[in-house]
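Here's the structure, in structure tokens; my notes come after.
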Amino acid sequence: MRKKGRANRRNKKRQEKKLLVIYVDGETEVWYFNLVKKQLVNEKVFLKLMPEIAKSGTPEEKLVELNKFIKKYQRELEQAYLLLDFDTIRKESDWYQKIFDIRKKKRKRIKGEILNEKIRIIVNNPCLEYWFLLHFSNTKRFFENCDSVIQALSKEVKNNWEIENGYKKHEKEFKNFCNRLYREGLFKVLKEPIKRAENIGFLNGLEDIDKSVAEIFVIFKHINKLRR
């Protein structure tokens, strides 16, 4: 009876956790959210990353895969996010308007399938590194591509941390960067970049594509809400 009781408690604990599924756009995002997951072991939220290993694909292919995947998690699913770097969408120019239509619920089907209402598309423009830059600087400057953001981020890292090589996108250096960035605690450090990113806002249409944004803040606000 004791074993059964312990098993029931474990099952109940798992059921109490809210599930967030995040489909990420590249290997940097995979590394980043795997680090975030480690901070949530004892929290009321569970992150499921897709794909576990970064792979290429169009926004449409990723959306179709996410839509199919979450069908088996309907009961425990809180939200599913498709996180995209807008610099990669620029290569799929016909997807500009499609993404805005989906976000505004004007487009409700993909490849003949009904889109799950719990899917939300989140965009970083031009890329994830703009989010990291907001940890150091309250900048609203427009960055046309990821290389220009990395250059600005590296400058901040050099000036603030006195690290000669700045910011690097190699796995070992990236993990060291995140450990240094969040050494005072992930959610304590995130307060300021969340505020800055929220103040900048969203891409609301084609008229906004020359605006840098870090909509990823939405995911962290959601996680914070579920942690309480």
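Just so we're on the same page: first chain in the structure tokens is A, next is B, and so on; residues restart at 1 for each chain, and ligands are numbered from 1 in the order they show up.
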Could I get the residues of region 25-55 of chain A with an atom no further than 12 Å from an atom of region 122-135 of chain A, each paired with its nearest atom pair and that distance in Å to one decimal, using only C-alpha atoms, sorted by chain and residue number, as a Markdown table?
```
| residue | atom | partner | partner_atom | distance |
| --- | --- | --- | --- | --- |
| A:Asp25 | CA | A:Leu128 | CA | 9.5 |
| A:Gly26 | CA | A:Leu128 | CA | 9.6 |
| A:Glu27 | CA | A:Leu128 | CA | 10.9 |
| A:Thr28 | CA | A:Leu128 | CA | 8.1 |
| A:Glu29 | CA | A:Leu128 | CA | 7.4 |
| A:Val30 | CA | A:Leu128 | CA | 11.2 |
| A:Trp31 | CA | A:Leu128 | CA | 11.7 |
| A:Tyr32 | CA | A:Leu128 | CA | 9.7 |
| A:Phe33 | CA | A:Leu128 | CA | 11.5 |
```
Mind checking which residues fall within 10 Å of Lys105 (chain A), counting only C-alpha atoms, ignoring those fewer than 5 positions away in the same chain, and posting them as a compact mmCIF listing (two decimals) with N, CA and C atoms, in the first residue's frame?
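As a result, around22.txt now contains:
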```
# COMPACT_ATOMS: atom_id res chain seq x y z
N ILE A 99 2.29 34.89 -41.37
CA ILE A 99 2.51 34.88 -39.93
C ILE A 99 1.63 35.90 -39.23
N PHE A 100 1.54 37.09 -39.81
CA PHE A 100 0.68 38.11 -39.20
C PHE A 100 -0.79 37.69 -39.26
N LEU A 115 -5.65 24.75 -37.22
CA LEU A 115 -4.60 25.12 -36.28
C LEU A 115 -5.13 25.09 -34.85
N GLU A 117 -5.82 26.17 -31.26
CA GLU A 117 -5.94 27.52 -30.72
C GLU A 117 -4.91 27.83 -29.64
```
Apply DSSP to the backbone of this structure and, from region 34-104 of chain A, keep only the residues in alpha helix (DSSP H); write these as an MDAnalysis selection string. chainID A and resid 34:38 59:69 86:89 95:103
Residues just named, written with C-alpha atoms as a short mmCIF file (atom, residue, chain, number, x, y, z; two decimals), in the first residue's frame:
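Writing done, so here's part.cif:
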```cif
data_model
loop_
_atom_site.label_atom_id
_atom_site.label_comp_id
_atom_site.auth_asym_id
_atom_site.auth_seq_id
_atom_site.Cartn_x
_atom_site.Cartn_y
_atom_site.Cartn_z
CA ASN A 34 17.67 23.46 -21.87
CA LEU A 35 19.42 25.72 -19.36
CA VAL A 36 16.07 27.30 -18.48
CA LYS A 37 14.53 23.85 -17.96
CA LYS A 38 17.13 23.08 -15.29
CA PRO A 59 7.97 28.23 -40.83
CA GLU A 60 5.12 26.26 -42.39
CA GLU A 61 6.84 22.90 -41.85
CA LYS A 62 7.57 23.79 -38.22
CA LEU A 63 4.01 24.91 -37.61
CA VAL A 64 2.60 21.72 -39.14
CA GLU A 65 4.91 19.58 -36.98
CA LEU A 66 4.01 21.48 -33.81
CA ASN A 67 0.30 21.33 -34.59
CA LYS A 68 0.51 17.57 -35.02
CA PHE A 69 2.71 17.00 -31.97
CA PHE A 86 12.67 36.97 -38.12
CA ASP A 87 15.98 37.05 -39.99
CA THR A 88 15.28 33.46 -41.07
CA ILE A 89 11.73 34.39 -42.13
CA TRP A 95 5.65 34.01 -45.06
CA TYR A 96 5.65 37.61 -43.83
CA GLN A 97 1.92 38.16 -44.23
CA LYS A 98 1.00 34.55 -43.39
CA ILE A 99 2.51 34.88 -39.93
CA PHE A 100 0.68 38.11 -39.20
CA ASP A 101 -2.58 36.57 -40.46
CA ILE A 102 -2.14 33.55 -38.17
CA ARG A 103 -1.37 35.79 -35.20
#
```
Spatial neighbours of Leu203 (chain A), 8 Å, only C-alpha atoms, chain gap at least 6 places, as a count of residues only: 4
Would you mind writing down, as a PyMOL selection string, each residue of region 43-131 of chain A that DSSP on the backbone assigns to strand (DSSP E or B)? chain A and resi 45-50+77-85+109-110+113-114+119-125
Selected residues written out with C-alpha atoms, as an mmCIF file, in the first residue's frame:
```cif
data_model
loop_
_atom_site.group_PDB
_atom_site.id
_atom_site.type_symbol
_atom_site.label_atom_id
_atom_site.label_comp_id
_atom_site.auth_asym_id
_atom_site.auth_seq_id
_atom_site.Cartn_x
_atom_site.Cartn_y
_atom_site.Cartn_z
ATOM 1 C CA VAL A 45 5.757 24.312 -15.040
ATOM 2 C CA PHE A 46 7.315 21.794 -17.415
ATOM 3 C CA LEU A 47 8.953 22.811 -20.697
ATOM 4 C CA LYS A 48 8.938 20.467 -23.671
ATOM 5 C CA LEU A 49 11.302 21.536 -26.449
ATOM 6 C CA MET A 50 10.859 20.769 -30.114
ATOM 7 C CA LEU A 77 -1.132 21.540 -22.417
ATOM 8 C CA GLU A 78 -1.144 25.125 -21.209
ATOM 9 C CA GLN A 79 0.310 26.723 -24.336
ATOM 10 C CA ALA A 80 2.411 25.869 -27.394
ATOM 11 C CA TYR A 81 4.842 28.430 -28.780
ATOM 12 C CA LEU A 82 6.506 28.552 -32.170
ATOM 13 C CA LEU A 83 9.557 30.742 -31.578
ATOM 14 C CA LEU A 84 10.981 32.197 -34.796
ATOM 15 C CA ASP A 85 13.940 34.402 -35.645
ATOM 16 C CA ARG A 109 -5.710 26.301 -41.201
ATOM 17 C CA ILE A 110 -2.291 25.030 -42.245
ATOM 18 C CA GLU A 113 -5.363 21.033 -40.899
ATOM 19 C CA ILE A 114 -7.146 23.208 -38.339
ATOM 20 C CA ILE A 119 -0.469 27.673 -30.597
ATOM 21 C CA ARG A 120 1.080 31.121 -30.453
ATOM 22 C CA ILE A 121 3.780 32.382 -32.821
ATOM 23 C CA ILE A 122 6.497 34.416 -31.113
ATOM 24 C CA VAL A 123 9.077 36.388 -33.093
ATOM 25 C CA ASN A 124 12.507 37.753 -32.268
ATOM 26 C CA ASN A 125 13.694 40.332 -34.786
#
```
Please determine, counting only C-alpha atoms, which residue among A:Ala214, A:Leu206, A:Leu190, A:Ile163 has the shortest atom-to-atom distance to Thr139 (chain A). A:Ala214
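Counting from CA of Ile216 (chain A), the distance to CA of Lys195 (chain A) is 11.8 Å.
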For CA of Asp210 (chain A) and CA of Arg141 (chain A), the interatomic separation in Å (one decimal):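 A separation of 9.8 Å between them.
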With distances taken over only C-alpha atoms, which residue among A:Leu181, A:Leu186, A:Ile223, A:Ile150 lies nearest Lys169 (chain A)?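 Going through A:Leu181, A:Leu186, A:Ile223, A:Ile150 one by one, the smallest distance to Lys169 (chain A) is for A:Ile150.
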Gap from CA of Arg196 (chain A) to CA of Lys140 (chain A) - Å, one decimal: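 Separation between CA of Arg196 (chain A) and CA of Lys140 (chain A): 9.0 Å.
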Which residues, written as a VMD selection string, have at least one atom at most 10 Å from Ser154 (chain A), with only C-alpha atoms counted and residues fewer than 3 positions away on the same chain left out? chain A and resid 133 148 to 151 157 to 160 163 to 168
Residue subset to file, keeping C-alpha atoms, as a tab-separated table (two decimals), in the first residue's frame:
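Everything below was put into part_39.tsv:
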```
chain	number	residue	atom	x	y	z
A	133	LEU	CA	21.41	42.52	-25.66
A	148	SER	CA	25.00	43.29	-36.29
A	149	VAL	CA	23.28	42.29	-33.02
A	150	ILE	CA	26.10	39.92	-32.11
A	151	GLN	CA	28.59	42.70	-32.74
A	157	VAL	CA	30.12	41.75	-22.91
A	158	LYS	CA	33.64	43.13	-23.38
A	159	ASN	CA	32.81	46.41	-21.64
A	160	ASN	CA	30.82	44.93	-18.74
A	163	ILE	CA	35.98	39.34	-21.70
A	164	GLU	CA	38.23	39.88	-24.70
A	165	ASN	CA	36.40	37.52	-27.07
A	166	GLY	CA	32.96	38.96	-26.32
A	167	TYR	CA	29.95	36.79	-27.18
A	168	LYS	CA	30.43	33.54	-29.10
```
With distances taken over only C-alpha atoms, the candidate from A:Asn116, A:Asn224, A:Gln39, A:Ser212 nearest Glu144 (chain A) is A:Ser212
